[in-house]
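What follows is protein.txt (compact mmCIF, C-alpha atoms).
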# COMPACT_ATOMS: atom_id res chain seq x y z
CA MET A 259 -9.52 -7.98 27.16
CA ALA A 260 -10.74 -4.48 28.10
CA LYS A 261 -7.86 -4.14 30.59
CA SER A 262 -5.31 -5.24 28.00
CA MET A 263 -6.66 -2.89 25.33
CA LEU A 264 -6.74 0.07 27.71
CA THR A 265 -3.14 -0.72 28.69
CA GLU A 266 -2.02 -0.60 25.06
CA TYR A 267 -4.36 2.25 24.05
CA PRO A 268 -5.14 4.38 27.16
CA ASN A 269 -7.11 6.91 25.10
CA MET A 270 -9.22 4.29 23.35
CA ASP A 271 -12.87 5.21 22.84
CA TYR A 272 -14.62 2.36 24.68
CA ASN A 273 -17.90 2.51 22.76
CA LYS A 274 -16.37 2.99 19.31
CA TRP A 275 -13.51 0.50 19.55
CA TYR A 276 -13.83 -1.99 22.41
CA LEU A 277 -17.45 -2.95 21.79
CA GLY A 278 -16.83 -2.96 18.02
CA ILE A 279 -13.82 -5.27 18.37
CA LEU A 280 -15.92 -7.65 20.49
CA ARG A 281 -18.38 -7.86 17.60
CA GLY A 282 -15.51 -8.35 15.16
CA SER A 283 -14.07 -11.10 17.36
CA ALA A 284 -17.43 -12.89 17.39
CA ALA A 285 -17.56 -12.72 13.58
CA LEU A 286 -13.99 -14.01 13.34
CA ASN A 287 -14.85 -16.90 15.71
CA LYS A 288 -17.70 -17.85 13.39
CA HIS A 289 -15.38 -17.63 10.37
CA LEU A 290 -13.00 -20.08 12.10
CA GLY A 291 -15.83 -22.42 13.04
CA TYR A 292 -15.56 -21.77 16.79
CA LYS A 293 -18.49 -21.46 19.16
CA GLU A 294 -18.62 -18.74 21.81
CA GLY A 295 -16.51 -19.73 24.81
CA HIS A 296 -14.25 -22.08 22.83
CA LYS A 297 -10.59 -21.95 23.84
CA ASP A 298 -7.78 -22.85 21.44
CA SER A 299 -4.08 -22.53 22.23
CA CYS A 300 -2.88 -23.33 18.70
CA TRP A 301 -2.55 -19.65 17.60
CA LEU A 302 0.23 -17.09 17.85
CA TYR A 303 -0.53 -13.37 17.56
CA GLY A 304 1.35 -10.40 16.13
CA HIS A 305 1.15 -6.70 15.36
CA PHE A 306 2.26 -5.89 11.79
CA GLY A 307 4.97 -3.26 11.98
CA SER A 308 6.68 -4.44 15.15
CA GLY A 309 9.96 -4.84 13.24
CA ALA A 310 12.39 -7.72 13.02
CA GLY A 311 11.72 -8.94 16.56
CA LEU A 312 8.55 -10.33 18.09
CA SER A 313 5.37 -8.37 18.61
CA SER A 314 5.71 -5.00 20.33
CA VAL A 315 2.32 -5.46 22.00
CA SER A 316 3.18 -6.04 25.66
CA GLU A 317 -0.20 -7.56 26.47
CA ILE A 318 0.40 -10.58 24.24
CA PRO A 319 1.91 -13.17 26.64
CA ASN A 320 5.45 -14.37 26.02
CA GLY A 321 5.47 -17.46 23.87
CA GLU A 322 2.20 -16.53 22.18
CA ASP A 323 3.54 -13.77 19.94
CA THR A 324 4.95 -13.96 16.41
CA SER A 325 6.63 -11.73 13.82
CA ILE A 326 5.99 -13.80 10.68
CA MET A 327 4.41 -10.92 8.71
CA ASP A 328 7.30 -8.60 9.61
CA PHE A 329 9.72 -11.40 8.69
CA THR A 330 8.07 -11.52 5.26
CA TRP A 331 8.25 -7.76 4.67
CA ASN A 332 11.83 -7.58 5.94
CA SER A 333 12.76 -10.41 3.53
CA PHE A 334 11.79 -8.29 0.52
CA SER A 335 14.72 -6.70 -1.30
CA GLN A 336 14.98 -2.91 -1.51
CA GLU A 337 13.83 -3.11 -5.15
CA MET A 338 10.71 -4.97 -4.03
CA LYS A 339 10.00 -2.46 -1.28
CA ASP A 340 10.42 0.38 -3.78
CA VAL A 341 7.33 -0.92 -5.61
CA PHE A 342 5.35 0.08 -2.52
CA ASP A 343 7.27 3.29 -1.87
CA ARG A 344 8.93 1.33 0.97
CA LYS A 345 5.66 1.41 2.94
CA LYS A 346 4.57 -1.95 4.32
CA ASP A 347 0.92 -0.80 4.40
CA SER A 348 1.00 -0.36 0.62
CA TRP A 349 1.92 -4.03 0.27
CA ASN A 350 -0.37 -5.40 2.97
CA THR A 351 -2.90 -3.34 4.88
CA ALA A 352 -3.19 -5.84 7.79
CA ASP A 353 -2.98 -4.32 11.29
CA VAL A 354 -2.61 -7.53 13.30
CA TYR A 355 -2.34 -11.19 12.44
CA MET A 356 -2.75 -14.75 13.74
CA VAL A 357 -0.78 -17.80 12.66
CA LYS A 358 -1.01 -21.49 13.57
CA LYS A 359 1.80 -22.16 16.05
CA ASN A 360 2.88 -25.44 14.50
CA ASP A 361 3.12 -23.94 10.99
CA VAL A 362 5.43 -20.98 11.62
CA SER A 363 8.67 -22.78 10.76
CA GLU A 364 7.21 -24.23 7.56
CA ILE A 365 5.78 -20.82 6.57
CA GLU A 366 9.20 -19.18 6.97
CA LYS A 367 10.66 -21.81 4.64
CA GLY A 368 7.84 -21.17 2.16
CA ILE A 369 8.48 -17.41 2.18
CA LYS A 370 12.20 -17.95 1.59
CA LYS A 371 11.45 -20.33 -1.24
CA ALA A 372 9.03 -17.86 -2.87
CA LEU A 373 11.72 -15.17 -2.68
CA CYS A 374 14.44 -17.56 -3.85
CA ILE A 375 16.41 -16.93 -0.65
CA GLY A 376 19.10 -19.60 -0.42
CA HIS A 377 17.85 -21.28 -3.59
CA ARG A 378 19.35 -19.23 -6.44
CA HIS A 379 22.23 -16.84 -6.95
CA ASP A 380 21.39 -13.14 -7.27
CA SER A 381 22.32 -13.15 -10.97
CA GLU A 382 19.80 -15.90 -11.65
CA LEU A 383 17.15 -14.10 -9.59
CA GLU A 384 17.64 -10.96 -11.68
CA LYS A 385 16.89 -12.94 -14.85
CA ILE A 386 13.65 -14.25 -13.34
CA GLY A 387 12.46 -10.80 -12.23
CA TRP A 388 11.95 -9.62 -8.65
CA CYS A 389 8.22 -8.97 -9.24
CA LEU A 390 7.68 -12.71 -9.55
CA GLY A 391 9.02 -13.04 -6.02
CA ILE A 392 6.34 -10.68 -4.66
CA SER A 393 3.69 -12.46 -6.70
CA GLU A 394 4.82 -15.86 -5.41
CA VAL A 395 4.73 -14.63 -1.80
CA ASN A 396 1.20 -13.30 -2.32
CA THR A 397 0.07 -16.57 -3.91
CA TYR A 398 1.60 -18.59 -1.08
CA MET A 399 -0.01 -16.37 1.56
CA SER A 400 -3.37 -16.68 -0.24
CA GLU A 401 -3.14 -20.46 0.12
CA LEU A 402 -2.33 -20.09 3.83
CA ILE A 403 -5.33 -17.80 4.34
CA GLN A 404 -7.66 -20.23 2.61
CA GLN A 405 -6.26 -23.06 4.74
CA LYS A 406 -6.77 -20.83 7.83
CA LYS A 407 -3.14 -21.19 8.84
CA LEU A 408 -2.35 -17.45 8.58
CA LEU A 409 -4.84 -14.63 9.12
CA PRO A 410 -3.58 -11.08 8.29
CA LEU A 411 -6.38 -8.91 9.71
CA SER A 412 -7.24 -5.35 8.68
CA LEU A 413 -9.35 -3.98 11.54
CA LYS A 414 -11.85 -1.23 10.79
CA GLN A 415 -13.88 0.66 13.36
CA ALA A 416 -17.24 -1.10 13.54
CA THR A 417 -20.34 0.82 12.49
CA PRO A 418 -23.17 0.75 15.07
CA ASN A 419 -26.07 -1.55 14.12
CA ALA A 420 -24.27 -2.87 11.03
CA VAL A 421 -23.44 -6.54 10.56
CA VAL A 422 -19.69 -7.16 10.89
CA LYS A 423 -18.29 -8.91 7.81
CA ILE A 424 -15.14 -11.01 7.41
CA THR A 425 -13.95 -10.36 3.85
CA PRO A 426 -10.82 -12.00 2.35
CA ASN A 427 -9.14 -9.79 -0.29
CA ASN A 428 -6.47 -10.32 -2.96
CA LEU A 429 -6.63 -14.11 -2.88
CA LYS A 430 -6.51 -14.40 -6.68
CA LYS A 431 -3.16 -14.23 -8.42
CA ASP A 432 -4.68 -12.81 -11.61
CA PRO A 433 -7.82 -10.72 -10.85
CA ASP A 434 -10.54 -10.45 -13.46
CA GLY A 435 -10.26 -6.68 -13.87
CA VAL A 436 -12.95 -4.02 -13.74
CA GLU A 437 -14.40 -4.23 -17.25
CA GLY A 438 -18.15 -4.44 -17.70
CA LEU A 439 -19.07 -2.56 -14.52
CA THR A 440 -21.92 -0.10 -14.16
CA GLY A 441 -21.64 2.95 -11.93
CA GLU A 442 -23.80 5.76 -10.65
CA ILE A 443 -23.36 9.02 -8.74
CA GLU A 444 -26.05 9.36 -6.07
CA GLY A 445 -26.92 12.98 -5.32
CA ALA A 446 -24.50 15.71 -6.40
CA LEU A 447 -20.75 16.26 -6.69
CA SER A 448 -20.22 18.93 -4.06
CA ASP A 449 -17.38 21.45 -3.77
CA LYS A 450 -18.19 25.06 -2.88
CA LEU A 451 -16.69 28.26 -4.30
CA LYS A 452 -16.72 30.50 -1.25
CA VAL A 453 -13.86 32.56 0.18
CA ILE A 454 -14.09 33.87 3.74
CA ARG A 455 -11.65 35.51 6.17
CA VAL A 456 -10.22 33.67 9.18
CA ASP A 457 -8.07 35.87 11.41
CA GLY A 458 -7.81 38.24 8.45
CA GLU A 459 -6.50 35.53 6.13
CA PRO A 460 -8.46 34.43 3.02
CA ARG A 461 -9.65 30.82 3.15
CA PHE A 462 -12.15 28.62 1.37
CA LYS A 463 -15.23 27.59 3.33
CA GLY A 464 -15.08 23.89 2.53
CA ASN A 465 -11.88 22.34 1.25
CA SER A 466 -13.01 18.95 0.00
CA LEU A 467 -14.85 17.35 -2.89
CA ARG A 468 -17.56 14.94 -1.69
CA PHE A 469 -20.12 12.68 -3.30
CA THR A 470 -21.89 9.35 -2.81
CA CYS A 471 -21.76 6.64 -5.46
CA LYS A 472 -22.13 2.96 -6.23
CA PHE A 473 -20.79 0.48 -8.76
CA GLU A 474 -21.97 -3.00 -9.63
CA GLN A 475 -20.92 -6.08 -11.57
CA GLY A 476 -23.74 -8.57 -11.94
CA ASN A 477 -25.38 -8.91 -8.53
CA ILE A 478 -22.31 -7.74 -6.59
CA GLY A 479 -22.36 -4.07 -5.64
CA PHE A 480 -20.49 -1.52 -3.54
CA ARG A 481 -21.65 1.83 -2.14
CA TYR A 482 -19.30 4.43 -0.76
CA ILE A 483 -18.83 8.09 0.10
CA TYR A 484 -15.95 9.78 -1.73
CA GLU A 485 -13.99 12.59 -0.11
CA SER A 486 -10.91 14.26 -1.54
CA LYS A 487 -9.19 16.88 0.60
CA ILE A 488 -5.90 18.73 0.50
CA SER A 489 -2.80 16.87 1.68
CA SER A 490 -0.02 18.82 -0.07
CA ASN A 491 0.56 21.44 -2.75
CA GLU A 492 0.59 18.78 -5.47
CA SER A 493 -2.00 16.23 -4.33
CA HIS A 494 -5.10 15.36 -2.33
CA ALA A 495 -5.83 12.72 0.28
CA THR A 496 -8.62 10.76 -1.38
CA GLU A 497 -10.38 8.61 1.23
CA PRO A 498 -13.52 6.67 0.30
CA ARG A 499 -15.73 5.42 3.12
CA ASP A 500 -18.13 2.47 2.75
CA LYS A 501 -21.87 2.81 3.11
CA VAL A 502 -23.22 -0.12 5.14
CA TRP A 503 -26.70 -1.37 5.96
CA ASP A 504 -28.02 -0.22 9.36
CA THR A 505 -30.24 -3.02 10.66
CA GLN A 506 -32.20 -0.69 12.97
CA LYS A 507 -32.70 2.26 10.65
CA GLU A 508 -33.11 -0.12 7.68
CA LYS A 509 -31.08 2.04 5.33
CA TYR A 510 -27.49 2.56 4.18
CA VAL A 511 -25.37 4.72 6.49
CA GLN A 512 -21.79 5.98 6.41
CA ALA A 513 -19.31 3.48 7.83
CA SER A 514 -17.37 4.62 10.88
CA ALA A 515 -14.00 3.81 9.28
CA ARG A 516 -12.41 5.00 6.05
CA ASN A 517 -11.02 2.50 3.56
CA GLY A 518 -7.68 4.27 3.47
CA ALA A 519 -6.15 6.86 1.18
CA ILE A 520 -5.37 6.34 -2.50
CA PRO A 521 -1.60 6.72 -3.04
CA ALA A 522 -1.03 10.06 -4.78
CA PRO A 523 0.74 8.48 -7.81
CA LYS A 524 -2.26 6.16 -8.32
CA MET A 525 -4.67 9.10 -8.27
CA ALA A 526 -2.49 10.87 -10.81
CA GLU A 527 -2.68 7.75 -13.01
CA LEU A 528 -6.48 7.79 -12.87
CA VAL A 529 -6.63 11.44 -13.90
CA LYS A 530 -4.38 10.77 -16.91
CA LYS A 531 -6.37 7.67 -17.86
CA PHE A 532 -9.81 9.30 -17.82
CA THR A 533 -9.07 12.90 -18.88
CA LYS A 534 -7.27 14.60 -21.74
CA VAL A 535 -4.52 16.16 -19.59
CA SER A 536 -0.96 14.84 -19.46
CA ASP A 537 -0.46 15.71 -15.79
CA ILE A 538 -2.77 16.00 -12.79
CA ASN A 539 -1.52 19.56 -12.17
CA GLU A 540 -1.60 20.75 -15.76
CA ASP A 541 -2.59 24.47 -15.81
CA ILE A 542 -2.11 24.58 -12.01
CA PRO A 543 1.30 26.25 -11.62
CA MET A 544 3.09 25.30 -8.40
CA ASN A 545 5.44 28.27 -8.03
CA LYS A 546 3.92 31.16 -9.98
CA LYS A 547 0.60 32.90 -10.50
CA LEU A 548 -1.87 31.63 -13.08
CA SER A 549 -1.35 33.10 -16.54
CA LYS A 550 -4.28 34.70 -18.37
CA PRO A 551 -4.75 31.61 -20.60
CA GLN A 552 -4.81 29.45 -17.46
CA VAL A 553 -7.38 31.71 -15.78
CA ASP A 554 -9.51 31.56 -18.93
CA TYR A 555 -9.11 27.76 -19.05
CA TRP A 556 -10.44 27.31 -15.52
CA ILE A 557 -13.30 29.77 -16.00
CA LYS A 558 -14.47 27.88 -19.06
CA LYS A 559 -13.96 24.48 -17.42
CA ILE A 560 -15.80 25.30 -14.17
CA GLU A 561 -18.64 27.11 -15.97
CA PHE A 562 -19.20 23.99 -18.05
CA LEU A 563 -18.91 21.45 -15.21
CA SER A 564 -21.05 23.43 -12.75
CA LYS A 565 -24.11 22.98 -15.01
CA GLY A 566 -23.98 19.22 -14.46
CA PHE A 567 -23.57 16.57 -17.14
CA ASN A 568 -24.98 13.22 -18.24
CA GLY A 569 -27.57 13.24 -15.45
CA ILE A 570 -24.96 14.05 -12.78
CA LYS A 571 -25.53 17.17 -10.65
CA VAL A 572 -22.71 19.47 -9.51
CA ASN A 573 -23.19 21.69 -6.45
CA ILE A 574 -20.75 24.60 -6.17
CA GLY A 575 -23.12 26.79 -4.14
CA ILE A 576 -23.26 30.51 -4.90
CA PRO A 577 -19.74 31.79 -5.69
CA GLU A 578 -18.80 34.34 -3.04
CA ILE A 579 -15.72 36.25 -1.88
CA ASP A 580 -15.78 38.15 1.44
CA GLY A 581 -19.57 38.13 1.52
CA GLN A 582 -19.99 39.43 -2.03
CA THR A 583 -21.71 37.26 -4.65
CA LYS A 584 -19.67 36.65 -7.79
CA THR A 585 -20.07 34.99 -11.16
CA ILE A 586 -17.77 32.04 -11.76
CA SER A 587 -15.67 34.23 -14.04
CA GLU A 588 -15.36 36.97 -11.41
CA PHE A 589 -14.59 34.43 -8.70
CA ILE A 590 -11.69 32.76 -10.54
CA LYS A 591 -10.23 36.10 -11.68
CA GLU A 592 -10.32 37.58 -8.16
CA ALA A 593 -9.03 34.39 -6.52
CA ALA A 594 -6.14 34.43 -9.02
CA ILE A 595 -5.35 38.00 -7.91
CA ILE A 596 -5.48 37.08 -4.19
CA ASP A 597 -3.14 34.17 -4.94
CA GLY A 598 0.41 35.09 -3.96
CA ALA A 599 2.03 32.22 -5.91
CA GLN A 600 3.74 30.90 -2.77
CA PRO A 601 1.80 27.76 -1.87
CA HIS A 602 2.78 25.84 1.20
CA ALA A 603 1.26 23.39 3.64
CA ARG A 604 2.86 23.27 7.06
CA LYS A 605 3.54 19.92 8.67
CA ALA A 606 0.30 18.42 9.91
CA LYS A 607 -0.23 17.37 13.51
CA THR A 608 -2.26 14.32 12.49
CA LYS A 609 -1.96 11.54 9.91
CA TYR A 610 -3.93 13.50 7.33
CA GLU A 611 -3.05 17.06 6.45
CA ASP A 612 -5.34 19.59 8.08
CA ALA A 613 -6.45 22.09 5.42
CA LYS A 614 -6.40 24.88 8.03
CA LEU A 615 -2.60 24.60 8.11
CA ALA A 616 -2.27 25.47 4.42
CA ASN A 617 -2.19 29.04 3.10
CA PHE A 618 -4.62 30.40 0.51
CA ASP A 619 -2.20 29.84 -2.38
CA CYS A 620 -2.11 26.12 -1.55
CA LEU A 621 -5.89 25.96 -1.02
CA PHE A 622 -6.56 27.70 -4.34
CA ARG A 623 -4.53 25.10 -6.23
CA SER A 624 -6.32 22.37 -4.32
CA LYS A 625 -9.68 23.82 -5.32
CA LEU A 626 -8.72 23.80 -9.00
CA ARG A 627 -7.50 20.21 -8.68
CA SER A 628 -10.91 19.23 -7.25
CA PHE A 629 -12.50 20.39 -10.49
CA ARG A 630 -9.99 18.27 -12.38
CA TYR A 631 -11.42 15.29 -10.49
CA ILE A 632 -14.94 16.40 -11.46
CA ASP A 633 -13.72 16.67 -15.06
CA MET A 634 -12.40 13.11 -14.74
CA ILE A 635 -15.90 11.94 -13.77
CA TYR A 636 -17.38 13.90 -16.68
CA GLU A 637 -15.01 12.30 -19.18
CA ALA A 638 -15.68 8.80 -17.79
CA SER A 639 -19.47 9.26 -17.86
CA ASN A 640 -19.27 10.78 -21.35
CA GLN A 641 -17.50 7.80 -22.97
CA ASN A 642 -19.80 4.83 -22.31
CA PRO A 643 -21.86 3.51 -19.37
CA SER A 644 -19.19 1.09 -18.16
CA GLN A 645 -16.42 3.71 -18.00
CA LEU A 646 -17.94 5.48 -15.00
CA GLY A 647 -18.34 2.13 -13.26
CA GLU A 648 -14.69 1.31 -13.94
CA LEU A 649 -13.52 4.66 -12.58
CA LEU A 650 -15.60 4.37 -9.39
CA ALA A 651 -14.38 0.79 -8.89
CA MET A 652 -10.72 1.75 -9.40
CA ILE A 653 -11.04 4.59 -6.86
CA TYR A 654 -12.50 2.14 -4.34
CA PHE A 655 -10.02 -0.68 -4.93
CA TYR A 656 -6.97 1.60 -4.93
CA SER A 657 -8.01 3.05 -1.55
CA ALA A 658 -8.69 -0.39 -0.05
CA LYS A 659 -5.41 -1.82 -1.48
CA ILE A 660 -7.39 -4.47 -3.37
CA ASN A 661 -5.95 -5.83 -6.63
CA PHE A 662 -8.30 -5.65 -9.59
CA LYS A 663 -6.15 -6.46 -12.60
CA LYS A 664 -3.25 -8.68 -13.60
CA GLY A 665 0.15 -7.53 -12.42
CA GLN A 666 -0.97 -5.67 -9.28
CA LEU A 667 0.97 -6.79 -6.24
CA SER A 668 -0.88 -5.84 -3.04
CA GLY A 669 -0.77 -8.72 -0.58
CA PRO A 670 -3.74 -10.80 0.63
CA PHE A 671 -5.55 -9.84 3.84
CA ILE A 672 -8.85 -10.26 5.65
CA LYS A 673 -10.91 -7.14 6.33
CA VAL A 674 -12.93 -7.14 9.57
CA GLN A 675 -15.64 -4.47 9.28
As structure tokens - that is how I would like this structure written.
Amino acid sequence: MAKSMLTEYPNMDYNKWYLGILRGSAALNKHLGYKEGHKDSCWLYGHFGSGAGLSSVSEIPNGEDTSIMDFTWNSFSQEMKDVFDRKKDSWNTADVYMVKKNDVSEIEKGIKKALCIGHRHDSELEKIGWCLGISEVNTYMSELIQQKKLLPLSLKQATPNAVVKITPNNLKKDPDGVEGLTGEIEGALSDKLKVIRVDGEPRFKGNSLRFTCKFEQGNIGFRYIYESKISSNESHATEPRDKVWDTQKEKYVQASARNGAIPAPKMAELVKKFTKVSDINEDIPMNKKLSKPQVDYWIKKIEFLSKGFNGIKVNIGIPEIDGQTKTISEFIKEAAIIDGAQPHARKAKTKYEDAKLANFDCLFRSKLRSFRYIDMIYEASNQNPSQLGELLAMIYFYSAKINFKKGQLSGPFIKVQ
């Protein structure tokens, strides 16, 4: 297995990935009812995203690979794919998958039936509604997962000394929702107001909003670390990371893997739902300098939020520009003067935008947007105790692509973490 993995991923970190996947494999064996050393030739294996053909993973032997998940995604109409911005990961976050060899043909027929392929004319399908097709596929796949005939697996980097869990997600057609939750911010909301010079260019020291939190419903609870950092002029990459129990240190530690990023439109929806603004970038002009009323708005807003609220602390540090201490009012006014009203973020070299590639104008708008997120938490905590819990749960579930209310259409998968 090590040889095969190093062939596919020559730069793989042996300790972080290989040993972690061994632990994940042991947990998956237990989930399937196998004992260590058991051999079973009834499975086929695939890599989600290999396209219309069979798996692109060369180390899977011929005759043991499958493309059933890609067949399903490719069977969706363009209208269906548009729901997920044409990104397969937004429908199903599985990385790899296993399917019972003898069930593949029957599963293909089931997918076609759920999508009405070959069963109804297009005009009749339009009357039914394409969203029902996605829902039917998800319901059918949920049944297959529960019968252990199909296993779409989302692999997360294992955290040292933490118990690996096998967690099925999105198996319910109509989730219960997020009402009645309780939530809590642990520690402080942290985002610093400090401008330094890097190669003569003004930059913020610290470009992300971070905090630790938890939410609970009955005796079921989740803990995670929230981080929101710049990804473009208009939005952030918001990437929660689980906190898991370290069996050696006997305390919660940060998980090695992120859940994933919240789609920017979903984050914009949350801001509108929990604040009084009509747009996530209201009073954050994209192509001109801040007006005096906008400068005054942000001074007043940040002065209020920085004091903390409803038992929640906010840590902005000591406002500073080029080594000189400032009041919040002075900081925002001077930053607005430094702003050249030409924000841009160059193309990143990695999956997530590196804040160092953005100019100050872009970073300044990102900093203001971070305080909009803090304002969102203030408004949620200010309404009633369950509202903060609902917000923290929605952030978590959106990032993990887990459905939490009726009508959401993310597909079922099994998380290995």
Exercise for review: Would you kindly return, as a PyMOL selection string, each protein, DNA or RNA residue with an atom no farther than 12 Å from any atom of A:Pro523, considering all atoms listed in the file and excluding same-chain residues fewer than 6 positions away?
Suggested key: chain A and resi 341-343+492-496+529-530+537-538+656
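Atom pair atom CA of A:Asn419 / atom CA of A:Tyr276: separated by 14.8 Å.
The gap separating atom CA of A:Arg630 from atom CA of A:Lys452 is 17.9 Å, in Å to one decimal.
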Review point. Do you know which residues are at most 12 Å from A:Gln404 counting all atoms listed in the file, after dropping those on the same chain fewer than 2 positions away, and could you put them as a PyMOL selection string?
Key: chain A and resi 289-290+397-402+406-410+425-430+670-672
Exercise for review: Work out how far atom CA of A:Thr470 is from atom CA of A:Gln641, in Å to one decimal.
Suggested key: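 Straight-line distance from atom CA of A:Gln641 to atom CA of A:Thr470 works out to 20.7 Å.
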Review point. What lies within 9 Å of A:Arg281 using only C-alpha atoms, ignoring chain neighbours under 6 positions off, as number ranges by chain?
Key: A: 416, 421-422
Exercise for review: Would you list the contacts of A:Pro601 as a PyMOL selection string, taking every protein, DNA or RNA residue within 7 Å and counting all atoms listed in the file, but skipping same-chain residues closer than 3 positions in sequence?
Suggested key: chain A and resi 491+617+619-620
Dump stretch 638-655 of chain A with N, CA and C atoms to a file, as a compact mmCIF listing (two decimals), in the first residue's frame.
# COMPACT_ATOMS: atom_id res chain seq x y z
N ALA A 638 -26.58 37.75 16.30
CA ALA A 638 -27.11 36.44 16.65
C ALA A 638 -27.16 36.25 18.16
N SER A 639 -26.10 36.66 18.86
CA SER A 639 -26.05 36.49 20.31
C SER A 639 -26.99 37.46 21.02
N ASN A 640 -27.37 38.53 20.34
CA ASN A 640 -28.20 39.57 20.94
C ASN A 640 -29.70 39.25 20.83
N GLN A 641 -30.06 38.28 19.99
CA GLN A 641 -31.48 38.00 19.75
C GLN A 641 -32.05 37.05 20.80
N ASN A 642 -31.54 35.83 20.85
CA ASN A 642 -31.92 34.89 21.91
C ASN A 642 -30.85 33.81 21.96
N PRO A 643 -30.78 33.03 23.04
CA PRO A 643 -29.69 32.07 23.21
C PRO A 643 -29.54 31.07 22.07
N SER A 644 -30.65 30.68 21.44
CA SER A 644 -30.56 29.65 20.40
C SER A 644 -30.04 30.20 19.07
N GLN A 645 -30.15 31.53 18.87
CA GLN A 645 -29.72 32.10 17.59
C GLN A 645 -28.22 31.94 17.36
N LEU A 646 -27.42 32.13 18.40
CA LEU A 646 -25.98 31.95 18.25
C LEU A 646 -25.68 30.49 17.93
N GLY A 647 -26.36 29.58 18.60
CA GLY A 647 -26.17 28.16 18.31
C GLY A 647 -26.51 27.83 16.87
N GLU A 648 -27.59 28.40 16.37
CA GLU A 648 -28.00 28.16 14.99
C GLU A 648 -26.96 28.69 14.01
N LEU A 649 -26.44 29.90 14.27
CA LEU A 649 -25.43 30.47 13.39
C LEU A 649 -24.17 29.60 13.37
N LEU A 650 -23.68 29.21 14.55
CA LEU A 650 -22.46 28.41 14.61
C LEU A 650 -22.67 27.06 13.94
N ALA A 651 -23.86 26.49 14.08
CA ALA A 651 -24.16 25.21 13.43
C ALA A 651 -24.21 25.37 11.91
N MET A 652 -24.83 26.44 11.43
CA MET A 652 -24.94 26.65 9.99
C MET A 652 -23.57 26.87 9.37
N ILE A 653 -22.69 27.60 10.05
CA ILE A 653 -21.32 27.78 9.56
C ILE A 653 -20.65 26.42 9.41
N TYR A 654 -20.79 25.58 10.43
CA TYR A 654 -20.14 24.26 10.42
C TYR A 654 -20.71 23.37 9.32
N PHE A 655 -22.04 23.29 9.24
CA PHE A 655 -22.66 22.38 8.28
C PHE A 655 -22.44 22.84 6.84
